[in-house]
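Dumped model.txt below, it's compact mmCIF, C-alpha atoms:
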# COMPACT_ATOMS: atom_id res chain seq x y z
CA MET D 1 -60.00 47.99 28.50
CA ILE D 2 -59.59 50.11 31.62
CA THR D 3 -56.99 48.47 33.83
CA SER D 4 -57.54 48.62 37.57
CA LYS D 5 -54.44 49.45 39.64
CA ASN D 6 -55.64 47.24 42.48
CA THR D 7 -57.67 44.09 43.03
CA GLY D 8 -60.82 46.00 43.96
CA ALA D 9 -63.26 48.12 41.99
CA THR D 10 -62.24 50.11 38.93
CA ARG D 11 -62.09 53.74 40.06
CA ILE D 12 -63.33 56.33 37.58
CA GLY D 13 -63.32 60.11 37.93
CA PHE D 14 -65.64 62.40 35.96
CA LEU D 15 -64.18 65.85 35.29
CA LEU D 16 -67.20 68.13 34.97
CA VAL D 17 -66.69 71.22 32.82
CA PRO D 18 -69.23 74.07 33.15
CA GLU D 19 -72.18 73.68 30.76
CA PHE D 20 -71.56 69.92 30.56
CA SER D 21 -74.24 67.76 28.98
CA MET D 22 -76.24 66.02 31.70
CA LEU D 23 -77.50 63.46 29.18
CA ALA D 24 -73.98 62.48 28.12
CA PHE D 25 -72.77 62.37 31.75
CA SER D 26 -75.71 60.21 32.86
CA SER D 27 -75.29 57.90 29.85
CA LEU D 28 -71.70 57.30 30.96
CA LEU D 29 -72.43 56.88 34.66
CA GLU D 30 -75.68 54.90 34.82
CA PRO D 31 -74.37 51.71 33.14
CA LEU D 32 -71.66 51.56 35.83
CA ARG D 33 -74.27 51.79 38.56
CA MET D 34 -76.37 49.11 36.91
CA ALA D 35 -73.31 46.86 36.48
CA ASN D 36 -72.79 46.98 40.25
CA GLN D 37 -76.47 46.41 40.94
CA LEU D 38 -76.90 43.43 38.63
CA SER D 39 -73.61 41.75 39.52
CA GLY D 40 -74.07 42.22 43.25
CA GLU D 41 -70.46 43.43 43.40
CA SER D 42 -68.66 46.76 43.55
CA LEU D 43 -67.18 46.48 40.07
CA TYR D 44 -66.91 50.25 39.70
CA GLU D 45 -66.45 53.23 41.96
CA TRP D 46 -66.80 56.82 40.75
CA SER D 47 -66.40 60.40 41.85
CA THR D 48 -66.91 63.83 40.34
CA ILE D 49 -64.10 66.35 39.87
CA GLY D 50 -64.07 70.10 39.28
CA SER D 51 -61.41 72.76 38.84
CA SER D 52 -62.51 73.76 42.38
CA ARG D 53 -65.08 72.56 44.90
CA ASP D 54 -67.64 75.13 43.70
CA PRO D 55 -70.90 73.77 42.21
CA ILE D 56 -70.76 73.19 38.45
CA ASP D 57 -73.81 73.98 36.31
CA ALA D 58 -74.82 71.57 33.59
CA SER D 59 -76.24 72.95 30.35
CA ASN D 60 -79.75 72.30 31.73
CA GLY D 61 -79.07 74.50 34.78
CA ILE D 62 -78.76 71.70 37.35
CA ALA D 63 -75.69 72.20 39.55
CA ILE D 64 -73.48 69.41 40.89
CA THR D 65 -70.98 69.97 43.68
CA PRO D 66 -67.88 67.91 42.82
CA ASP D 67 -66.46 65.40 45.27
CA TYR D 68 -62.91 66.60 44.60
CA SER D 69 -61.01 69.45 43.01
CA ILE D 70 -58.14 68.83 40.62
CA GLN D 71 -55.75 69.58 43.48
CA ASP D 72 -56.91 66.77 45.76
CA ILE D 73 -58.14 63.85 43.67
CA PRO D 74 -57.64 60.32 44.98
CA GLN D 75 -55.89 57.59 43.01
CA LEU D 76 -57.94 56.78 39.92
CA ASP D 77 -57.79 54.27 37.08
CA ALA D 78 -59.51 56.53 34.55
CA VAL D 79 -60.71 60.11 34.14
CA PHE D 80 -63.46 61.08 31.70
CA VAL D 81 -63.99 64.69 30.66
CA CYS D 82 -67.69 65.61 30.54
CA SER D 83 -68.43 68.88 28.77
CA GLY D 84 -70.93 70.47 26.42
CA ASN D 85 -71.67 73.99 25.24
CA GLN D 86 -68.98 76.57 24.50
CA ILE D 87 -66.13 74.26 25.56
CA GLN D 88 -63.47 76.64 24.24
CA HIS D 89 -64.70 79.32 26.68
CA GLN D 90 -65.09 76.99 29.67
CA ILE D 91 -61.50 75.84 30.14
CA ASP D 92 -58.34 77.63 31.21
CA ASN D 93 -54.60 76.97 31.28
CA GLU D 94 -54.78 75.38 34.73
CA ILE D 95 -57.23 72.67 33.71
CA ILE D 96 -55.35 72.07 30.43
CA ALA D 97 -52.07 71.65 32.33
CA TRP D 98 -53.74 69.25 34.77
CA VAL D 99 -55.11 67.05 31.99
CA ARG D 100 -51.70 67.14 30.28
CA SER D 101 -50.10 65.89 33.50
CA LEU D 102 -52.60 63.01 33.63
CA SER D 103 -51.71 62.01 30.08
CA LYS D 104 -48.12 61.38 31.21
CA ARG D 105 -49.22 58.98 33.93
CA ASP D 106 -50.48 55.42 33.79
CA ILE D 107 -54.14 56.40 33.62
CA THR D 108 -56.90 55.98 31.04
CA LEU D 109 -58.33 59.22 29.66
CA GLY D 110 -61.71 59.63 28.03
CA ALA D 111 -64.08 62.32 26.86
CA VAL D 112 -67.75 62.65 25.98
CA CYS D 113 -69.41 65.23 23.74
CA THR D 114 -67.01 68.19 23.36
CA GLY D 115 -64.59 66.86 26.00
CA THR D 116 -62.40 65.70 23.13
CA TYR D 117 -61.51 69.37 22.61
CA LEU D 118 -59.96 69.58 26.09
CA LEU D 119 -57.97 66.37 25.57
CA ALA D 120 -56.73 67.72 22.24
CA LYS D 121 -55.70 71.06 23.77
CA ALA D 122 -53.78 69.13 26.43
CA GLU D 123 -52.02 67.13 23.69
CA ALA D 124 -53.43 63.96 25.21
CA LEU D 125 -54.74 62.63 21.89
CA ASP D 126 -51.57 62.87 19.82
CA GLY D 127 -51.06 59.55 18.07
CA HIS D 128 -54.61 58.35 18.82
CA ARG D 129 -57.80 58.17 16.79
CA CYS D 130 -60.62 60.17 18.33
CA THR D 131 -64.08 61.53 17.65
CA ILE D 132 -66.27 64.42 18.77
CA HIS D 133 -69.89 65.54 18.38
CA TRP D 134 -70.71 66.04 14.70
CA GLU D 135 -71.54 69.72 15.29
CA ASN D 136 -67.96 70.36 16.49
CA MET D 137 -66.16 68.14 14.01
CA ALA D 138 -65.38 70.80 11.40
CA SER D 139 -63.95 73.25 13.93
CA ALA D 140 -61.93 70.50 15.66
CA ARG D 141 -60.38 69.43 12.37
CA GLU D 142 -59.47 73.04 11.59
CA GLU D 143 -57.87 73.62 15.01
CA PHE D 144 -56.15 70.24 15.33
CA PRO D 145 -55.21 69.25 11.76
CA HIS D 146 -52.59 66.77 13.01
CA LEU D 147 -55.21 64.62 14.76
CA VAL D 148 -57.19 61.79 13.19
CA ILE D 149 -60.76 62.83 14.03
CA SER D 150 -63.22 60.25 12.78
CA PRO D 151 -66.99 60.59 12.28
CA GLU D 152 -67.58 57.40 14.31
CA LEU D 153 -70.02 57.18 17.20
CA PHE D 154 -67.11 56.50 19.55
CA GLU D 155 -63.44 55.60 19.39
CA ILE D 156 -61.46 53.38 21.77
CA ASP D 157 -57.77 53.60 20.89
CA GLN D 158 -55.48 52.05 23.48
CA GLU D 159 -55.90 54.16 26.67
CA ARG D 160 -58.04 56.87 25.04
CA TYR D 161 -61.84 56.77 24.96
CA THR D 162 -63.78 59.45 23.06
CA CYS D 163 -67.38 59.61 21.91
CA ALA D 164 -69.82 61.93 20.23
CA GLY D 165 -72.06 62.74 23.19
CA GLY D 166 -75.83 62.44 23.54
CA ILE D 167 -76.49 58.80 24.42
CA ALA D 168 -73.35 57.56 22.62
CA PRO D 169 -71.50 57.25 25.98
CA LEU D 170 -73.96 54.48 26.86
CA ASP D 171 -72.75 52.38 23.93
CA MET D 172 -69.08 53.17 24.55
CA ILE D 173 -69.14 52.24 28.24
CA LEU D 174 -71.21 49.10 27.53
CA HIS D 175 -68.42 47.96 25.21
CA GLU D 176 -66.02 48.48 28.12
CA ILE D 177 -68.27 46.53 30.52
CA ARG D 178 -68.68 43.72 28.00
CA ASP D 179 -64.93 43.46 27.45
CA SER D 180 -64.16 43.58 31.19
CA HIS D 181 -67.01 41.57 32.70
CA GLY D 182 -68.65 39.62 29.91
CA ALA D 183 -71.44 39.88 27.36
CA ASP D 184 -74.10 38.53 29.74
CA LEU D 185 -73.74 41.49 32.10
CA ALA D 186 -73.76 44.00 29.24
CA SER D 187 -76.90 42.36 27.80
CA ALA D 188 -78.61 42.42 31.17
CA ILE D 189 -77.89 46.16 31.46
CA ILE D 190 -79.44 47.01 28.09
CA GLU D 191 -82.51 44.97 29.06
CA GLN D 192 -82.86 47.03 32.23
CA PHE D 193 -82.52 50.23 30.21
CA MET D 194 -84.92 48.92 27.54
CA CYS D 195 -82.43 49.40 24.72
CA ASP D 196 -82.72 47.16 21.71
CA ARG D 197 -78.97 46.71 21.23
CA ILE D 198 -75.47 48.01 21.92
CA ARG D 199 -74.56 50.20 18.97
CA ASP D 200 -71.23 49.63 17.27
CA LYS D 201 -68.69 52.44 16.83
CA HIS D 202 -69.47 52.52 13.11
CA ASP D 203 -73.11 53.51 13.66
CA ARG D 204 -73.79 56.99 12.32
CA GLN D 205 -73.78 60.02 14.57
CA ARG D 206 -76.48 61.74 12.52
CA VAL D 207 -79.72 60.35 11.13
CA PRO D 208 -78.94 59.39 7.53
CA LEU D 209 -80.67 61.45 4.86
CA THR D 210 -82.16 58.26 3.44
CA GLN D 211 -84.16 57.81 6.65
CA ARG D 212 -85.68 61.26 6.18
CA ILE D 213 -86.45 61.09 2.45
CA GLY D 214 -86.78 57.33 2.01
CA THR D 215 -84.41 54.74 0.60
CA ASN D 216 -85.89 55.04 -2.89
CA GLN D 217 -83.95 58.27 -3.63
CA PRO D 218 -80.29 57.16 -3.70
CA LYS D 219 -79.38 59.79 -6.32
CA LEU D 220 -80.51 62.62 -4.05
CA ALA D 221 -78.63 61.17 -1.08
CA GLU D 222 -75.52 60.86 -3.25
CA ALA D 223 -75.81 64.48 -4.38
CA VAL D 224 -76.14 65.73 -0.79
CA SER D 225 -73.15 63.63 0.28
CA LEU D 226 -71.09 65.20 -2.51
CA MET D 227 -72.10 68.66 -1.32
CA GLU D 228 -71.13 67.86 2.26
CA ALA D 229 -67.75 66.55 1.12
CA ASN D 230 -66.99 69.62 -1.02
CA ILE D 231 -67.50 72.66 1.18
CA GLU D 232 -64.21 74.49 0.65
CA GLU D 233 -64.37 74.14 -3.15
CA PRO D 234 -68.09 73.92 -4.03
CA MET D 235 -69.09 71.90 -7.05
CA THR D 236 -71.25 73.42 -9.77
CA LEU D 237 -74.73 72.07 -10.38
CA ASP D 238 -73.56 70.66 -13.73
CA GLU D 239 -70.72 68.81 -11.97
CA LEU D 240 -73.11 67.39 -9.39
CA SER D 241 -75.51 66.27 -12.11
CA HIS D 242 -72.71 64.56 -14.01
CA HIS D 243 -71.42 62.70 -10.93
CA VAL D 244 -74.84 61.34 -9.91
CA GLY D 245 -75.89 60.52 -13.48
CA LEU D 246 -78.91 62.83 -13.73
CA SER D 247 -79.73 65.84 -15.82
CA ARG D 248 -79.65 69.25 -14.17
CA ARG D 249 -83.44 69.50 -14.46
CA GLN D 250 -83.99 66.09 -12.87
CA LEU D 251 -81.73 66.99 -9.93
CA GLU D 252 -83.55 70.28 -9.38
CA ARG D 253 -86.89 68.47 -9.28
CA LEU D 254 -85.59 65.99 -6.68
CA TYR D 255 -84.41 68.81 -4.40
CA GLN D 256 -87.67 70.72 -4.78
CA ARG D 257 -89.81 67.67 -4.06
CA TYR D 258 -87.94 66.17 -1.10
CA LEU D 259 -85.96 69.09 0.40
CA GLN D 260 -88.28 71.96 -0.58
CA CYS D 261 -85.55 74.14 -2.09
CA VAL D 262 -83.36 74.40 -5.16
CA PRO D 263 -79.94 72.68 -5.06
CA THR D 264 -77.98 75.95 -5.02
CA ARG D 265 -79.89 77.18 -1.96
CA TYR D 266 -79.40 73.89 -0.12
CA TYR D 267 -75.67 73.99 -0.89
CA LEU D 268 -75.39 77.61 0.31
CA GLU D 269 -77.14 76.79 3.59
CA LEU D 270 -74.79 73.82 4.14
CA ARG D 271 -71.78 76.09 3.68
CA LEU D 272 -73.19 78.81 5.91
CA GLU D 273 -73.98 76.33 8.67
CA ARG D 274 -70.40 75.06 8.52
CA ALA D 275 -69.20 78.68 8.64
CA ARG D 276 -71.34 79.35 11.70
CA GLN D 277 -69.79 76.39 13.51
CA LEU D 278 -66.29 77.67 12.76
CA LEU D 279 -67.26 81.21 13.74
CA LEU D 280 -68.61 80.24 17.15
CA GLN D 281 -66.28 77.35 17.99
CA THR D 282 -62.90 78.67 16.84
CA SER D 283 -60.91 81.90 16.79
CA MET D 284 -60.25 81.67 13.04
CA PRO D 285 -60.24 85.04 11.24
CA ILE D 286 -63.47 85.68 9.38
CA VAL D 287 -61.69 85.85 6.04
CA ASP D 288 -60.22 82.38 6.64
CA ILE D 289 -63.67 81.04 7.53
CA ALA D 290 -65.04 82.52 4.32
CA LEU D 291 -62.38 80.77 2.24
CA ALA D 292 -62.76 77.48 4.14
CA CYS D 293 -66.47 77.47 3.29
CA GLY D 294 -66.13 78.26 -0.38
CA PHE D 295 -66.85 82.01 -0.49
CA ILE D 296 -64.83 84.15 -2.89
CA SER D 297 -64.43 87.07 -0.47
CA ALA D 298 -65.18 88.15 3.09
CA PRO D 299 -67.75 90.81 1.98
CA HIS D 300 -69.65 88.24 -0.08
CA PHE D 301 -69.60 85.85 2.87
CA SER D 302 -70.79 88.56 5.27
CA LYS D 303 -73.72 89.47 3.00
CA CYS D 304 -74.84 85.85 2.62
CA TYR D 305 -74.44 85.26 6.35
CA ARG D 306 -76.46 88.36 7.26
CA ASP D 307 -79.22 87.46 4.80
CA THR D 308 -79.53 84.00 6.36
CA PHE D 309 -78.94 84.58 10.08
CA GLY D 310 -80.02 88.21 10.44
CA LEU D 311 -76.68 89.72 11.45
CA PRO D 312 -73.15 89.81 10.05
CA PRO D 313 -70.60 87.23 11.23
CA ARG D 314 -68.54 89.75 13.23
CA ASP D 315 -71.62 90.75 15.27
CA GLU D 316 -72.59 87.09 15.72
CA ARG D 317 -69.18 86.32 17.23
CA ARG D 318 -69.29 89.40 19.49
CA ARG D 319 -72.79 88.55 20.70
CA ALA D 320 -71.78 84.97 21.51
CA ALA D 321 -68.69 86.19 23.40
CA GLY D 322 -70.83 88.67 25.34
CA GLN D 323 -73.30 85.94 26.32
CA VAL D 324 -70.46 83.77 27.61
CA GLU D 325 -69.03 86.62 29.70
CA ALA D 326 -72.47 87.48 31.06
CA THR D 327 -73.04 83.86 32.07
CA LYS D 328 -69.67 83.67 33.82
CA ALA D 329 -70.36 86.93 35.68
CA ALA D 330 -73.77 85.67 36.79
CA LYS D 331 -72.22 82.46 38.11
CA LYS D 332 -69.58 84.43 40.05
CA ASP D 333 -72.30 86.60 41.59
CA LYS D 334 -74.27 83.49 42.49
CA ILE D 335 -71.27 81.88 44.22
CA LYS D 336 -70.41 85.14 45.99
CA SER D 337 -74.00 85.57 47.15
CA SER D 338 -74.10 81.98 48.42
CA GLY D 339 -70.86 82.57 50.36
CA LEU D 340 -72.25 85.73 51.93
CA ARG D 341 -75.37 83.92 53.07
CA ARG D 342 -73.29 81.19 54.69
CA THR D 343 -71.15 83.82 56.48
CA THR D 344 -74.22 85.65 57.72
CA VAL D 345 -75.74 82.48 59.12
CA CYS D 346 -72.54 81.62 60.96
CA SER D 347 -72.08 85.09 62.45
CA ALA D 348 -75.72 85.23 63.53
CA SER D 349 -75.51 81.93 65.33
CA ALA D 350 -72.29 82.75 67.19
CA PRO D 351 -73.71 85.19 69.79
CA SER D 352 -76.53 82.79 70.52
CA ALA D 353 -74.08 79.96 71.13
CA ALA D 354 -71.89 82.18 73.34
CA ALA D 355 -74.87 83.36 75.42
CA SER D 356 -76.22 79.87 76.03
CA PRO D 357 -75.26 78.26 79.34
CA ALA D 358 -72.47 75.68 79.28
As a first step, turn the structure in this file into structure tokens.
Amino acid sequence: MITSKNTGATRIGFLLVPEFSMLAFSSLLEPLRMANQLSGESLYEWSTIGSSRDPIDASNGIAITPDYSIQDIPQLDAVFVCSGNQIQHQIDNEIIAWVRSLSKRDITLGAVCTGTYLLAKAEALDGHRCTIHWENMASAREEFPHLVISPELFEIDQERYTCAGGIAPLDMILHEIRDSHGADLASAIIEQFMCDRIRDKHDRQRVPLTQRIGTNQPKLAEAVSLMEANIEEPMTLDELSHHVGLSRRQLERLYQRYLQCVPTRYYLELRLERARQLLLQTSMPIVDIALACGFISAPHFSKCYRDTFGLPPRDERRRAAGQVEATKAAKKDKIKSSGLRRTTVCSASAPSAAASPA
């Protein structure tokens, strides 16, 4: 539970990282607004924070000008990191040091979507359970092997709040509201938002395979789960068949009928998708990525990767890095252009003001 340092409203700051998810941010903020509205009290106050006062673009292109920079924030009870795409390219040593300094103070820290990555880099999650969006889970576990990173929808461990992103922040913050202000208020909020329930932390991040193929194929779901759990050392088809209690032929028919491919192809695509996440979300050497995803050599991995994604892994990483740099340059030009326009307006209005009679 977030502890207020005074007798008034609980004060929460939202640190917006460029390319943050607007959906995750809104899912975190809107329940607080509705809590105030339905209770008729100022239970919560909030403000946005940036590394500077410059506008911050969300991943959907909408820009928000923060209320404060990290140099001039007011006293807060909690700070939540809101981020999204390419988090590893959107943060610098200054913002990491600032978050690290917060972790040493009496303040609750939280993160939505990929914000967990920033908290981990700042060593603010050491000794705490945490979670992150399923797409970033493999890379986070590789980069922070000392952390306990769970596949849960959200984690609340003492003064650390982390969640997967999407609309999961809605469930996490509703748990906070329920614990702080009662179940009736939390229930009234989900009625206003037309949600059927508050999801528990143990709800799945991803849609279970059984919901896509039907619950009458437990053997297929078990085989896929085994594949997902054995990426670094892939199982043979005979081993999979033995573990699920089917013949090799029966297993092949199940994959062809419900997943429209043979088991070996499905397994290869699982491993390549994991490799792509590591390639784009970490700085791991390509040979290490190949080994972590069950390939016998870097050349074999590169060939499989190129056949599937249309370009070799080295070029994929370079292209992604180039896109990030191009985006940053475009944002700098945009800010510079905006500043020039403001200067021009001011200088044009000065002579007119000086010429006007007193």
>> So, with all atoms listed in the file as the atoms that count, which of D:Thr7, D:Gln260, D:Asn60, D:Thr162 lies closest to Phe80 (chain D)?
In response: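 The answer is D:Thr162, which sits nearest to Phe80 (chain D).
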> For Tyr258 (chain D), which of D:Leu246, D:Ile95, D:Cys293, D:Leu220 is the closest residue, counting all atoms listed in the file?
Replying inline: D:Leu220
> Using only C-alpha atoms, which residues sit within 10 Å of Glu316 (chain D) once same-chain residues fewer than 3 positions away are excluded, as a list in words?
Replying inline: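 These residues fall inside the cut-off: Arg276, Leu279, Leu280, Tyr305, Arg306, Phe309, Gly310, Leu311, Pro312, Pro313, Arg319, Ala320, Ala321 and Gly322 of chain D.
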> So which residues touch Ile132 (chain D) within 7 Å, counting all atoms listed in the file, skipping near sequence neighbours fewer than 4 positions away, as a list in words?
Replying inline: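 Listing them by chain and then by number gives Cys113, Thr114, Thr116, Asn136, Met137, Cys163 and Ala164 of chain D.
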Just to be explicit: take each residue in the selection above, keep C-alpha atoms, and write the result as an mmCIF file, in the coordinates of the input.
data_model
loop_
_atom_site.group_PDB
_atom_site.id
_atom_site.type_symbol
_atom_site.label_atom_id
_atom_site.label_comp_id
_atom_site.auth_asym_id
_atom_site.auth_seq_id
_atom_site.Cartn_x
_atom_site.Cartn_y
_atom_site.Cartn_z
ATOM 1 C CA CYS D 113 -69.410 65.230 23.740
ATOM 2 C CA THR D 114 -67.010 68.190 23.360
ATOM 3 C CA THR D 116 -62.400 65.700 23.130
ATOM 4 C CA ASN D 136 -67.960 70.360 16.490
ATOM 5 C CA MET D 137 -66.160 68.140 14.010
ATOM 6 C CA CYS D 163 -67.380 59.610 21.910
ATOM 7 C CA ALA D 164 -69.820 61.930 20.230
#
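Minimum distance to Met284 (chain D) across D:Glu30, D:Glu239, D:Asp157, D:Glu143 (counting all atoms listed in the file) occurs at D:Glu143.
Using only C-alpha atoms, the smallest distance between any of D:Arg199, D:Ala298, D:Ser47, D:Lys219 and Pro285 (chain D) comes from D:Ala298.
Residue nearest Tyr161 (chain D) within the list D:Val99, D:Ala111, D:Leu278, D:Ile70: D:Ala111 [criterion: smallest interatomic distance, only C-alpha atoms].
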>> Could you tell me how far CA of His300 (chain D) sits from CA of Arg248 (chain D), in Å to one decimal place?
In response: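 A separation of 25.7 Å between them.
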>> Under the rule that all atoms listed in the file are counted, which of D:Glu135, D:Asp184, D:Glu233, D:Asp72 is the nearest residue to Glu273 (chain D)?
In response: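 Nearest candidate to Glu273 (chain D) out of D:Glu135, D:Asp184, D:Glu233, D:Asp72: D:Glu135.
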> Just how far from CA of Glu142 (chain D) is CA of Ile231 (chain D), in Å to one decimal?
Replying inline: 13.2 Å
> When you draw a straight line from CA of Glu232 (chain D) to CA of Ala168 (chain D), how long is it in Å?
Replying inline: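 Answer for the CA of Glu232 (chain D) to CA of Ala168 (chain D) separation: 29.2 Å.
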>> Give me, as JSON, numbers by chain, all polymer residues having an atom no more than 8 Å from Leu170 (chain D), counting all atoms listed in the file and skipping those fewer than 6 positions away in the same chain.
In response: {"D": [27, 28, 31]}
Please check which residues have atoms at most 7 Å from (-73.9, 59.9, -9.1) in the file's coordinates, counting all atoms listed in the file, and write them as a CSV table (one decimal) with C-alpha atoms, in the frame of the given file.
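Full text of out-v5.csv as output:
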chain,number,residue,atom,x,y,z
D,219,LYS,CA,-79.4,59.8,-6.3
D,222,GLU,CA,-75.5,60.9,-3.2
D,223,ALA,CA,-75.8,64.5,-4.4
D,242,HIS,CA,-72.7,64.6,-14.0
D,243,HIS,CA,-71.4,62.7,-10.9
D,244,VAL,CA,-74.8,61.3,-9.9
D,245,GLY,CA,-75.9,60.5,-13.5
Return the padded bounding box of region 163-173 of chain D as JSON: axis-aligned, built from all atoms listed in the file, 6 Å added on each side, with centre and edge lengths in Å to one decimal.
{"center_x": -71.9, "center_y": 57.5, "center_z": 24.2, "size_x": 21.1, "size_y": 22.5, "size_z": 20.0}
> Hey, what's within 12 Å of Leu270 (chain D) if we count only C-alpha atoms and toss same-chain stuff fewer than 4 positions away? As a PyMOL selection string, please?
Replying inline: chain D and resi 224-232+234+263-266+274-277+293-294+305+308
Requested write-out: C-alpha atoms of the selected residues, as a PDB file, keeping the file's coordinate frame:
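Final output, saved to selection-v2.pdb:
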ATOM      1  CA  VAL D 224     -76.140  65.730  -0.790  1.00  0.00           C
ATOM      2  CA  SER D 225     -73.150  63.630   0.280  1.00  0.00           C
ATOM      3  CA  LEU D 226     -71.090  65.200  -2.510  1.00  0.00           C
ATOM      4  CA  MET D 227     -72.100  68.660  -1.320  1.00  0.00           C
ATOM      5  CA  GLU D 228     -71.130  67.860   2.260  1.00  0.00           C
ATOM      6  CA  ALA D 229     -67.750  66.550   1.120  1.00  0.00           C
ATOM      7  CA  ASN D 230     -66.990  69.620  -1.020  1.00  0.00           C
ATOM      8  CA  ILE D 231     -67.500  72.660   1.180  1.00  0.00           C
ATOM      9  CA  GLU D 232     -64.210  74.490   0.650  1.00  0.00           C
ATOM     10  CA  PRO D 234     -68.090  73.920  -4.030  1.00  0.00           C
ATOM     11  CA  PRO D 263     -79.940  72.680  -5.060  1.00  0.00           C
ATOM     12  CA  THR D 264     -77.980  75.950  -5.020  1.00  0.00           C
ATOM     13  CA  ARG D 265     -79.890  77.180  -1.960  1.00  0.00           C
ATOM     14  CA  TYR D 266     -79.400  73.890  -0.120  1.00  0.00           C
ATOM     15  CA  ARG D 274     -70.400  75.060   8.520  1.00  0.00           C
ATOM     16  CA  ALA D 275     -69.200  78.680   8.640  1.00  0.00           C
ATOM     17  CA  ARG D 276     -71.340  79.350  11.700  1.00  0.00           C
ATOM     18  CA  GLN D 277     -69.790  76.390  13.510  1.00  0.00           C
ATOM     19  CA  CYS D 293     -66.470  77.470   3.290  1.00  0.00           C
ATOM     20  CA  GLY D 294     -66.130  78.260  -0.380  1.00  0.00           C
ATOM     21  CA  TYR D 305     -74.440  85.260   6.350  1.00  0.00           C
ATOM     22  CA  THR D 308     -79.530  84.000   6.360  1.00  0.00           C
TER      23      THR D 308
END
Do you know which residues are at most 9 Å from Ser150 (chain D) counting all atoms listed in the file, after dropping those on the same chain fewer than 4 positions away, and could you put them as a PDB file with C-alpha atoms, keeping the file's coordinate frame?
ATOM      1  CA  ARG D 129     -57.800  58.170  16.790  1.00  0.00           C
ATOM      2  CA  CYS D 130     -60.620  60.170  18.330  1.00  0.00           C
ATOM      3  CA  THR D 131     -64.080  61.530  17.650  1.00  0.00           C
ATOM      4  CA  ILE D 132     -66.270  64.420  18.770  1.00  0.00           C
ATOM      5  CA  MET D 137     -66.160  68.140  14.010  1.00  0.00           C
ATOM      6  CA  PHE D 154     -67.110  56.500  19.550  1.00  0.00           C
ATOM      7  CA  GLU D 155     -63.440  55.600  19.390  1.00  0.00           C
TER       8      GLU D 155
END
